[in-house]
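Pasting coords_0.tsv here (TSV, C-alpha atoms):
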chain	number	residue	atom	x	y	z
A	1	MET	CA	-5.24	-71.81	-7.76
A	2	PHE	CA	-8.32	-69.59	-7.79
A	3	PRO	CA	-8.10	-68.78	-4.06
A	4	SER	CA	-4.48	-67.69	-4.54
A	5	LEU	CA	-5.45	-65.46	-7.46
A	6	ILE	CA	-8.29	-63.93	-5.48
A	7	LYS	CA	-5.97	-63.23	-2.55
A	8	ARG	CA	-3.35	-61.75	-4.88
A	9	GLY	CA	-5.96	-59.47	-6.53
A	10	SER	CA	-7.33	-58.30	-3.21
A	11	ALA	CA	-3.81	-57.57	-1.99
A	12	GLN	CA	-3.07	-55.48	-5.10
A	13	ALA	CA	-6.34	-53.59	-4.71
A	14	HIS	CA	-5.48	-52.91	-1.06
A	15	VAL	CA	-2.05	-51.59	-2.03
A	16	ALA	CA	-3.56	-49.41	-4.76
A	17	GLN	CA	-6.13	-48.04	-2.33
A	18	GLN	CA	-3.43	-47.18	0.20
A	19	SER	CA	-1.28	-45.49	-2.43
A	20	GLY	CA	-4.27	-43.41	-3.57
A	21	ALA	CA	-4.04	-44.52	-7.16
A	22	ASN	CA	-7.66	-44.44	-8.21
A	23	PRO	CA	-7.84	-43.38	-11.86
A	24	GLU	CA	-11.62	-43.05	-11.75
A	25	THR	CA	-11.70	-40.41	-8.99
A	26	ARG	CA	-8.43	-38.53	-9.50
A	27	GLN	CA	-8.50	-35.56	-11.88
A	28	ALA	CA	-5.60	-33.97	-13.69
A	29	PRO	CA	-4.71	-30.42	-12.53
A	30	VAL	CA	-5.31	-29.18	-16.07
A	31	ILE	CA	-8.93	-30.30	-15.92
A	32	TYR	CA	-9.43	-28.73	-12.50
A	33	TYR	CA	-8.00	-25.33	-13.50
A	34	THR	CA	-9.87	-25.44	-16.81
A	35	PHE	CA	-13.19	-25.79	-15.02
A	36	LEU	CA	-12.10	-23.07	-12.57
A	37	LEU	CA	-11.35	-20.62	-15.39
A	38	ILE	CA	-14.64	-21.46	-17.11
A	39	GLY	CA	-16.51	-20.84	-13.86
A	40	LEU	CA	-14.74	-17.49	-13.31
A	41	SER	CA	-15.48	-16.45	-16.89
A	42	LEU	CA	-19.16	-17.25	-16.48
A	43	LEU	CA	-19.22	-15.37	-13.17
A	44	VAL	CA	-17.71	-12.25	-14.76
A	45	TYR	CA	-20.15	-12.49	-17.67
A	46	VAL	CA	-23.15	-12.76	-15.35
A	47	LEU	CA	-21.91	-9.90	-13.15
A	48	HIS	CA	-21.49	-7.70	-16.21
A	49	LYS	CA	-24.86	-8.55	-17.75
A	50	LEU	CA	-26.80	-8.16	-14.48
A	51	ASP	CA	-25.26	-4.83	-13.50
A	52	ASP	CA	-28.64	-3.06	-13.47
A	53	ILE	CA	-29.83	-5.52	-10.83
A	54	LEU	CA	-26.67	-6.06	-8.84
A	55	LEU	CA	-25.40	-2.48	-8.48
A	56	PRO	CA	-28.46	-1.20	-6.56
A	57	LEU	CA	-28.27	-4.30	-4.36
A	58	PHE	CA	-24.59	-3.77	-3.56
A	59	PHE	CA	-25.02	-0.06	-2.83
A	60	ALA	CA	-28.07	-0.81	-0.68
A	61	ALA	CA	-26.15	-3.49	1.22
A	62	LEU	CA	-23.30	-1.07	1.97
A	63	LEU	CA	-25.62	1.76	3.03
A	64	SER	CA	-27.79	-0.54	5.16
A	65	THR	CA	-24.66	-1.76	6.92
A	66	LEU	CA	-23.77	1.86	7.61
A	67	LEU	CA	-27.25	2.64	8.96
A	68	LEU	CA	-27.53	-0.55	11.03
A	69	PRO	CA	-25.92	0.89	14.23
A	70	LEU	CA	-28.32	3.85	14.18
A	71	VAL	CA	-31.32	1.57	13.66
A	72	THR	CA	-30.16	-0.76	16.44
A	73	ARG	CA	-29.71	2.16	18.83
A	74	LEU	CA	-33.18	3.48	18.07
A	75	GLU	CA	-34.64	0.01	18.59
A	76	LYS	CA	-32.95	-0.17	22.00
A	77	LEU	CA	-34.79	3.05	22.84
A	78	ARG	CA	-38.03	1.11	22.16
A	79	TRP	CA	-38.65	2.55	18.73
A	80	PRO	CA	-40.58	0.20	16.43
A	81	ARG	CA	-38.34	-1.28	13.76
A	82	VAL	CA	-40.28	0.34	10.93
A	83	LEU	CA	-40.04	3.82	12.46
A	84	ALA	CA	-36.35	3.37	13.27
A	85	ILE	CA	-35.58	2.37	9.67
A	86	LEU	CA	-37.64	5.25	8.27
A	87	MET	CA	-35.85	7.74	10.53
A	88	ALA	CA	-32.45	6.44	9.38
A	89	LEU	CA	-33.54	6.66	5.75
A	90	LEU	CA	-34.79	10.22	6.22
A	91	LEU	CA	-31.47	11.26	7.72
A	92	LEU	CA	-29.59	9.65	4.83
A	93	ILE	CA	-31.81	11.21	2.18
A	94	GLY	CA	-31.66	14.58	3.94
A	95	GLY	CA	-27.86	14.56	3.92
A	96	ILE	CA	-27.75	13.65	0.23
A	97	VAL	CA	-30.34	16.31	-0.67
A	98	GLY	CA	-28.42	18.93	1.31
A	99	LEU	CA	-25.26	18.03	-0.57
A	100	PHE	CA	-27.08	18.35	-3.90
A	101	VAL	CA	-28.52	21.74	-2.86
A	102	VAL	CA	-25.04	23.07	-2.13
A	103	PHE	CA	-23.73	21.65	-5.39
A	104	GLY	CA	-26.75	22.99	-7.31
A	105	SER	CA	-26.32	26.57	-6.15
A	106	GLN	CA	-22.61	26.50	-6.92
A	107	LEU	CA	-23.27	24.95	-10.33
A	108	MET	CA	-25.72	27.72	-11.20
A	109	ASP	CA	-23.11	30.35	-10.35
A	110	LEU	CA	-20.53	28.48	-12.39
A	111	LYS	CA	-22.95	28.20	-15.33
A	112	ALA	CA	-23.41	31.97	-15.31
A	113	GLU	CA	-19.64	32.39	-15.63
A	114	LEU	CA	-19.27	29.89	-18.49
A	115	PRO	CA	-19.68	32.39	-21.41
A	116	LEU	CA	-16.88	34.57	-20.03
A	117	ILE	CA	-14.72	31.51	-19.42
A	118	GLN	CA	-15.30	30.37	-23.02
A	119	LYS	CA	-14.24	33.76	-24.40
A	120	LYS	CA	-11.07	33.75	-22.32
A	121	LEU	CA	-10.40	30.17	-23.35
A	122	MET	CA	-10.63	31.10	-27.06
A	123	VAL	CA	-8.22	34.01	-26.51
A	124	MET	CA	-5.74	31.68	-24.81
A	125	PHE	CA	-6.19	29.14	-27.62
A	126	ASP	CA	-5.42	31.77	-30.25
A	127	GLN	CA	-2.36	32.91	-28.34
A	128	SER	CA	-1.08	29.36	-27.98
A	129	GLN	CA	-1.65	28.72	-31.72
A	130	GLN	CA	0.26	31.86	-32.60
A	131	TRP	CA	3.12	30.82	-30.33
A	132	LEU	CA	3.26	27.38	-31.94
A	133	HIS	CA	3.21	29.00	-35.40
A	134	ASP	CA	6.07	31.36	-34.55
A	135	ARG	CA	8.06	28.66	-32.81
A	136	PHE	CA	7.49	25.57	-34.95
A	137	GLY	CA	5.74	26.88	-38.06
A	138	MET	CA	2.45	25.05	-37.37
A	139	ARG	CA	-0.64	26.12	-39.30
A	140	VAL	CA	-3.03	28.36	-37.41
A	141	MET	CA	-6.68	27.23	-37.39
A	142	SER	CA	-9.33	29.93	-37.64
A	143	LYS	CA	-12.32	30.11	-35.34
A	144	ASP	CA	-14.65	29.15	-38.19
A	145	GLU	CA	-12.66	25.97	-38.82
A	146	ILE	CA	-12.76	25.09	-35.14
A	147	ILE	CA	-16.51	25.68	-34.99
A	148	ASP	CA	-17.15	23.64	-38.16
A	149	SER	CA	-15.06	20.70	-36.95
A	150	SER	CA	-16.76	20.81	-33.56
A	151	LEU	CA	-20.21	20.85	-35.19
A	152	ASN	CA	-19.33	17.94	-37.48
A	153	SER	CA	-18.05	15.82	-34.62
A	154	ALA	CA	-21.08	16.75	-32.56
A	155	LYS	CA	-23.41	15.68	-35.38
A	156	LYS	CA	-21.65	12.33	-35.72
A	157	SER	CA	-21.80	11.58	-32.01
A	158	ALA	CA	-25.20	13.17	-31.33
A	159	GLY	CA	-27.15	9.94	-31.61
A	160	GLY	CA	-24.79	7.96	-29.42
A	161	PHE	CA	-24.55	10.79	-26.91
A	162	LEU	CA	-28.33	11.11	-26.74
A	163	GLY	CA	-28.75	7.38	-26.28
A	164	SER	CA	-26.09	7.19	-23.56
A	165	THR	CA	-27.59	10.22	-21.80
A	166	LEU	CA	-31.06	8.69	-21.79
A	167	SER	CA	-29.77	5.32	-20.59
A	168	THR	CA	-27.67	6.97	-17.87
A	169	THR	CA	-30.62	9.09	-16.71
A	170	ALA	CA	-32.89	6.05	-16.61
A	171	GLY	CA	-30.23	4.11	-14.70
A	172	VAL	CA	-29.80	6.87	-12.13
A	173	LEU	CA	-33.55	7.19	-11.62
A	174	SER	CA	-33.93	3.43	-11.19
A	175	VAL	CA	-31.08	3.36	-8.67
A	176	LEU	CA	-32.52	6.29	-6.73
A	177	THR	CA	-35.86	4.48	-6.59
A	178	LEU	CA	-34.65	0.98	-5.81
A	179	VAL	CA	-31.85	1.65	-3.33
A	180	PRO	CA	-34.09	3.03	-0.52
A	181	ILE	CA	-36.48	0.10	-0.98
A	182	TYR	CA	-33.61	-2.39	-0.80
A	183	ILE	CA	-32.18	-0.65	2.27
A	184	PHE	CA	-35.53	-0.90	4.05
A	185	CYS	CA	-35.82	-4.60	3.17
A	186	PHE	CA	-32.26	-5.39	4.27
A	187	LEU	CA	-32.75	-3.69	7.63
A	188	TYR	CA	-36.25	-4.98	8.26
A	189	TYR	CA	-35.57	-8.61	7.32
A	190	ARG	CA	-32.01	-8.83	8.67
A	191	ASP	CA	-32.88	-11.45	11.31
A	192	HIS	CA	-34.81	-13.50	8.78
A	193	MET	CA	-31.90	-13.43	6.32
A	194	ARG	CA	-29.45	-14.46	9.04
A	195	GLN	CA	-31.61	-17.46	9.91
A	196	PHE	CA	-31.80	-18.27	6.20
A	197	MET	CA	-28.00	-18.37	5.99
A	198	PHE	CA	-27.76	-20.54	9.12
A	199	ARG	CA	-29.91	-23.22	7.47
A	200	PHE	CA	-27.04	-23.92	5.05
A	201	VAL	CA	-24.51	-24.39	7.87
A	202	ALA	CA	-24.10	-27.27	10.26
A	203	PRO	CA	-24.93	-26.43	13.91
A	204	GLU	CA	-21.32	-26.89	15.06
A	205	LYS	CA	-20.09	-24.34	12.49
A	206	ARG	CA	-22.67	-21.62	13.10
A	207	THR	CA	-20.51	-19.86	15.69
A	208	SER	CA	-17.64	-19.37	13.23
A	209	VAL	CA	-20.06	-18.27	10.51
A	210	LEU	CA	-21.63	-15.73	12.88
A	211	HIS	CA	-18.16	-14.47	13.78
A	212	THR	CA	-17.33	-14.04	10.08
A	213	MET	CA	-20.57	-12.16	9.43
A	214	ASP	CA	-19.87	-9.83	12.36
A	215	ASN	CA	-16.35	-9.20	11.00
A	216	ILE	CA	-17.73	-8.37	7.56
A	217	GLN	CA	-20.24	-5.97	9.07
A	218	ALA	CA	-17.54	-4.30	11.17
A	219	VAL	CA	-15.21	-3.94	8.17
A	220	VAL	CA	-17.88	-2.38	5.95
A	221	GLN	CA	-19.05	-0.02	8.69
A	222	ALA	CA	-15.47	1.02	9.43
A	223	TYR	CA	-14.74	1.63	5.78
A	224	ILE	CA	-17.83	3.70	5.00
A	225	SER	CA	-17.81	5.74	8.20
A	226	GLY	CA	-14.07	6.31	7.86
A	227	LEU	CA	-14.49	7.27	4.22
A	228	LEU	CA	-17.14	9.86	5.09
A	229	MET	CA	-14.86	11.31	7.76
A	230	VAL	CA	-11.97	11.46	5.29
A	231	ILE	CA	-14.19	13.26	2.75
A	232	VAL	CA	-15.15	15.91	5.31
A	233	ILE	CA	-11.55	16.49	6.43
A	234	VAL	CA	-10.21	16.61	2.87
A	235	ALA	CA	-12.99	19.05	1.84
A	236	ILE	CA	-12.09	21.37	4.73
A	237	LEU	CA	-8.37	21.29	3.89
A	238	ASN	CA	-9.00	21.82	0.17
A	239	GLY	CA	-11.38	24.69	0.92
A	240	ILE	CA	-8.86	26.43	3.18
A	241	GLY	CA	-6.12	26.16	0.55
A	242	LEU	CA	-8.31	27.38	-2.33
A	243	LEU	CA	-9.73	30.26	-0.29
A	244	VAL	CA	-6.21	31.40	0.62
A	245	LEU	CA	-5.33	31.43	-3.10
A	246	GLY	CA	-8.52	33.36	-3.91
A	247	VAL	CA	-9.87	30.75	-6.32
A	248	LYS	CA	-13.42	31.28	-7.59
A	249	PHE	CA	-15.98	28.72	-6.42
A	250	ALA	CA	-13.46	27.44	-3.89
A	251	ILE	CA	-16.07	25.69	-1.72
A	252	PHE	CA	-17.58	23.91	-4.70
A	253	PHE	CA	-14.24	22.66	-6.01
A	254	ALA	CA	-13.16	21.62	-2.52
A	255	ILE	CA	-16.27	19.49	-1.99
A	256	PHE	CA	-16.18	18.24	-5.58
A	257	ALA	CA	-12.59	17.01	-5.25
A	258	SER	CA	-13.20	15.41	-1.86
A	259	VAL	CA	-16.27	13.54	-3.15
A	260	LEU	CA	-14.30	12.34	-6.17
A	261	ALA	CA	-11.73	11.01	-3.72
A	262	VAL	CA	-14.20	8.14	-3.22
A	263	ILE	CA	-12.62	6.80	-6.44
A	264	PRO	CA	-9.10	6.01	-5.21
A	265	PHE	CA	-6.06	7.49	-6.96
A	266	ILE	CA	-8.00	8.72	-10.00
A	267	GLY	CA	-10.72	10.88	-8.45
A	268	ILE	CA	-8.27	13.35	-6.95
A	269	LEU	CA	-6.59	13.82	-10.35
A	270	VAL	CA	-9.89	14.76	-11.96
A	271	GLY	CA	-10.86	16.91	-8.99
A	272	ALA	CA	-7.59	18.87	-9.22
A	273	THR	CA	-7.43	19.27	-13.00
A	274	ILE	CA	-10.77	21.06	-13.47
A	275	PRO	CA	-10.22	23.89	-10.93
A	276	ALA	CA	-6.64	24.32	-12.15
A	277	LEU	CA	-7.81	24.79	-15.75
A	278	ILE	CA	-10.54	27.23	-14.74
A	279	THR	CA	-8.08	29.17	-12.60
A	280	LEU	CA	-5.67	29.33	-15.55
A	281	VAL	CA	-8.41	30.64	-17.83
A	282	GLU	CA	-9.70	33.12	-15.25
A	283	THR	CA	-6.36	34.60	-14.20
A	284	GLY	CA	-4.06	33.71	-17.10
A	285	SER	CA	-1.39	32.85	-14.55
A	286	PRO	CA	0.25	29.43	-14.89
A	287	GLY	CA	1.83	29.97	-11.49
A	288	LYS	CA	-1.55	30.29	-9.78
A	289	ALA	CA	-2.87	27.22	-11.61
A	290	ALA	CA	0.22	25.32	-10.46
A	291	ALA	CA	-0.43	26.54	-6.92
A	292	VAL	CA	-3.97	25.13	-7.12
A	293	ILE	CA	-2.57	21.77	-8.17
A	294	GLY	CA	-0.03	22.07	-5.36
A	295	VAL	CA	-2.82	22.48	-2.82
A	296	PHE	CA	-4.54	19.30	-3.98
A	297	VAL	CA	-1.25	17.39	-4.12
A	298	PHE	CA	-0.35	18.46	-0.59
A	299	VAL	CA	-3.80	17.55	0.74
A	300	GLN	CA	-3.59	14.23	-1.10
A	301	PHE	CA	-0.21	13.62	0.57
A	302	LEU	CA	-1.72	14.31	3.99
A	303	GLU	CA	-4.74	12.12	3.19
A	304	GLY	CA	-2.70	9.18	1.97
A	305	ASN	CA	-0.01	9.21	4.66
A	306	PHE	CA	-1.74	10.53	7.79
A	307	ILE	CA	-5.53	10.97	7.57
A	308	THR	CA	-6.67	7.72	5.93
A	309	PRO	CA	-4.20	5.42	7.76
A	310	MET	CA	-5.32	6.80	11.13
A	311	ILE	CA	-9.04	6.61	10.36
A	312	THR	CA	-9.42	3.50	8.20
A	313	GLY	CA	-5.95	1.99	7.86
A	314	SER	CA	-6.15	-0.15	10.99
A	315	LYS	CA	-9.65	-1.40	10.14
A	316	VAL	CA	-9.45	-2.07	6.40
A	317	SER	CA	-5.87	-3.17	5.70
A	318	ILE	CA	-5.74	-3.62	1.92
A	319	ASN	CA	-2.34	-3.19	0.29
A	320	PRO	CA	-2.02	-0.59	-2.49
A	321	MET	CA	-1.38	-3.16	-5.23
A	322	ALA	CA	-4.60	-5.03	-4.43
A	323	ALA	CA	-6.45	-1.70	-4.30
A	324	ILE	CA	-5.16	-0.64	-7.74
A	325	VAL	CA	-5.98	-4.00	-9.34
A	326	ALA	CA	-9.45	-3.97	-7.75
A	327	LEU	CA	-9.98	-0.42	-8.99
A	328	ILE	CA	-9.09	-1.36	-12.58
A	329	LEU	CA	-11.20	-4.52	-12.53
A	330	GLY	CA	-14.17	-2.68	-11.00
A	331	GLY	CA	-13.94	0.03	-13.66
A	332	GLU	CA	-13.79	-2.53	-16.47
A	333	LEU	CA	-16.71	-4.49	-15.03
A	334	TRP	CA	-19.14	-1.77	-13.93
A	335	GLY	CA	-17.58	1.58	-14.80
A	336	THR	CA	-17.52	4.35	-12.20
A	337	PRO	CA	-19.90	2.55	-9.77
A	338	GLY	CA	-17.59	-0.44	-9.94
A	339	MET	CA	-14.61	1.75	-9.04
A	340	ILE	CA	-16.49	3.05	-6.02
A	341	LEU	CA	-17.51	-0.43	-4.90
A	342	SER	CA	-14.15	-2.09	-5.59
A	343	ILE	CA	-12.34	-1.29	-2.32
A	344	PRO	CA	-15.16	-2.23	0.12
A	345	LEU	CA	-15.84	-5.43	-1.84
A	346	VAL	CA	-12.17	-6.38	-1.65
A	347	ALA	CA	-12.24	-5.68	2.09
A	348	VAL	CA	-15.23	-8.01	2.44
A	349	LEU	CA	-13.45	-10.67	0.38
A	350	LYS	CA	-10.41	-10.40	2.64
A	351	VAL	CA	-12.52	-11.04	5.75
A	352	VAL	CA	-14.17	-14.03	4.06
A	353	PHE	CA	-10.79	-15.43	2.97
A	354	ASP	CA	-9.31	-14.98	6.44
A	355	SER	CA	-12.15	-16.96	8.01
A	356	SER	CA	-11.08	-20.26	6.38
A	357	LYS	CA	-7.72	-22.02	6.51
A	358	SER	CA	-7.99	-23.11	2.88
A	359	THR	CA	-8.43	-19.53	1.61
A	360	GLU	CA	-6.35	-17.73	4.25
A	361	PRO	CA	-3.35	-17.31	1.86
A	362	TRP	CA	-5.53	-15.24	-0.48
A	363	GLY	CA	-6.54	-13.02	2.43
A	364	PHE	CA	-2.85	-12.65	3.28
A	365	LEU	CA	-2.16	-11.64	-0.33
A	366	LEU	CA	-4.80	-8.90	-0.20
A	367	GLY	CA	-3.70	-7.65	3.22
A	368	ASP	CA	-1.30	-4.89	4.09
A	369	VAL	CA	2.46	-5.49	4.11
A	370	SER	CA	2.64	-4.97	7.88
A	371	GLU	CA	0.57	-8.13	8.36
A	372	GLY	CA	3.33	-10.22	6.79
A	373	GLU	CA	6.21	-9.03	8.96
A	374	ASP	CA	8.13	-12.03	10.26
A	375	THR	CA	10.54	-10.07	12.41
A	376	PRO	CA	9.54	-10.46	16.07
A	377	LYS	CA	9.09	-7.29	17.99
A	378	THR	CA	10.94	-7.65	21.24
A	379	LYS	CA	9.87	-4.34	22.65
A	380	LEU	CA	6.68	-2.49	22.00
A	381	ASN	CA	6.53	1.30	22.15
A	382	THR	CA	3.69	2.01	24.51
A	383	ASN	CA	4.14	5.78	24.35
A	384	PRO	CA	1.68	7.07	21.73
A	385	GLY	CA	3.52	10.35	21.30
A	386	LEU	CA	2.11	13.85	20.91
A	387	TRP	CA	0.22	13.09	17.68
A	388	GLY	CA	-1.22	9.88	19.15
A	389	LYS	CA	-2.42	11.68	22.28
A	390	PHE	CA	-4.03	14.37	20.12
A	391	TRP	CA	-5.76	11.75	17.95
A	392	HIS	CA	-7.09	9.88	21.00
A	393	MET	CA	-8.44	13.17	22.33
A	394	VAL	CA	-10.19	13.87	19.02
A	395	LYS	CA	-11.77	10.38	19.01
A	396	ARG	CA	-13.05	10.90	22.56
A	397	ILE	CA	-14.69	14.14	21.51
Would you write out, as structure tokens, the structure that this file holds?
Amino acid sequence: MFPSLIKRGSAQAHVAQQSGANPETRQAPVIYYTFLLIGLSLLVYVLHKLDDILLPLFFAALLSTLLLPLVTRLEKLRWPRVLAILMALLLLIGGIVGLFVVFGSQLMDLKAELPLIQKKLMVMFDQSQQWLHDRFGMRVMSKDEIIDSSLNSAKKSAGGFLGSTLSTTAGVLSVLTLVPIYIFCFLYYRDHMRQFMFRFVAPEKRTSVLHTMDNIQAVVQAYISGLLMVIVIVAILNGIGLLVLGVKFAIFFAIFASVLAVIPFIGILVGATIPALITLVETGSPGKAAAVIGVFVFVQFLEGNFITPMITGSKVSINPMAAIVALILGGELWGTPGMILSIPLVAVLKVVFDSSKSTEPWGFLLGDVSEGEDTPKTKLNTNPGLWGKFWHMVKRI
């Protein structure tokens, strides 16, 4: 009797093992997704609280990836690694200082014009109030009332404004101090950090990991170098349009708008609104202000449909929906620096997702629509056309 019971129990255990019914090891999907949401919430909380530490590291990682080809080329010319890194840092700092010098001189000229702009703005405000009073019967506010309300609001927000200004200034100074140090460390210890990462990977998987790291480096380099090229082209086009219209401080506004284009979709709106308002106050012509906006809209159309797709579109293929969501999430998490970092970080995530079969669907979701075309192309057009030949010629130059 006992042997038969033992055999029957072993047979039932064998059947249960084959069917996968193991209540001790199986978890309900609700439990799994609950722990996943808790982990994501903790990750977002930590990223938000450690922004002072993480933001300089992320910016330094992006800039060191951009400077890596220059450092490698100098090292091939038998430059010591320390001197090669210092030379790359000097070139980077020199370019940033030159940009600030140009902006500083233009800002001083604009500051000298501010009192006249304020007077014209008050005249336009009075005229608009009078028009609203004649048209809709709205009460006209006197200048004294406007000044008193402005002073009261300024007094209420003075403490918060002073505190935010001091914190922002301290944050900028800390970033300016830490980022070059981090860049030097990333470039100097890059081989050591790669060996550190290999120690977590099995020997048979190190080739795929190395391939993924090279893809990430190529994506970040392509994005940053392409972005800088787009900024230069957009600044030139904006400057030509504003100079033709005779806008004051045309070079400053052209560079200002092109630099703000680093923040996708939103930066160009801010960059176009300010020169349009100043042009309206200076000339009093709504038509000229609309023409200024038209210049920026036209350049934005060229940038979005021709310039950026040719320079960075084939290298960083992120669909617009993913870019917008990343932009909003980056702004909510880290503010303006998060908006700047959002697109390259999403591009890095896409490369990481594409490197594994388990996460490849998420990379497909982030990718461009052209990557998901199922229609087979029976015939490829090998003729690049006139524009393609011109672009290949420009790249050769």
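Taking CA of Phe353 in chain A as the reference point, CA of Val209 in chain A is found at 12.3 Å.
A straight line drawn from CA of Leu345 in chain A to CA of Val46 in chain A is 17.0 Å long.
Relative to CA of Ile236 in chain A, CA of Ser64 in chain A is found at 27.0 Å.
For Ala218 in chain A, the list of residues within 12 Å, based on all atoms listed in the file and with local chain neighbours fewer than 6 positions off taken out, reads A:Leu62, A:Thr65, A:Leu66, A:Leu68, A:Pro69, A:His211, A:Thr212, A:Ile224, A:Ser225, A:Gly226, A:Thr312, A:Lys315, A:Val316, A:Pro344, A:Ala347, A:Val348, A:Val351.
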Taking (-14.1, -6.2, -21.4) in the coordinates of the supplied file, I want to know which residues reach to within 10 Å of it, counting all atoms listed in the file; could you give the answer as a PyMOL selection string? chain A and resi 44-45+48+329+331-333
The residue from A:Leu86, A:Ala261, A:Ile278, A:Ile311 with the smallest atom-to-atom distance to Leu116 in chain A, counting all atoms listed in the file, is A:Ile278
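The environment of Phe252 in chain A within 10 Å, counting only C-alpha atoms and disregarding residues fewer than 6 places along the same chain, consists of Val102, Phe103, Gly104, Ser105, Gln106, Leu107, Leu110, Ala235, Gly239, Ser258 and Pro275 of chain A.
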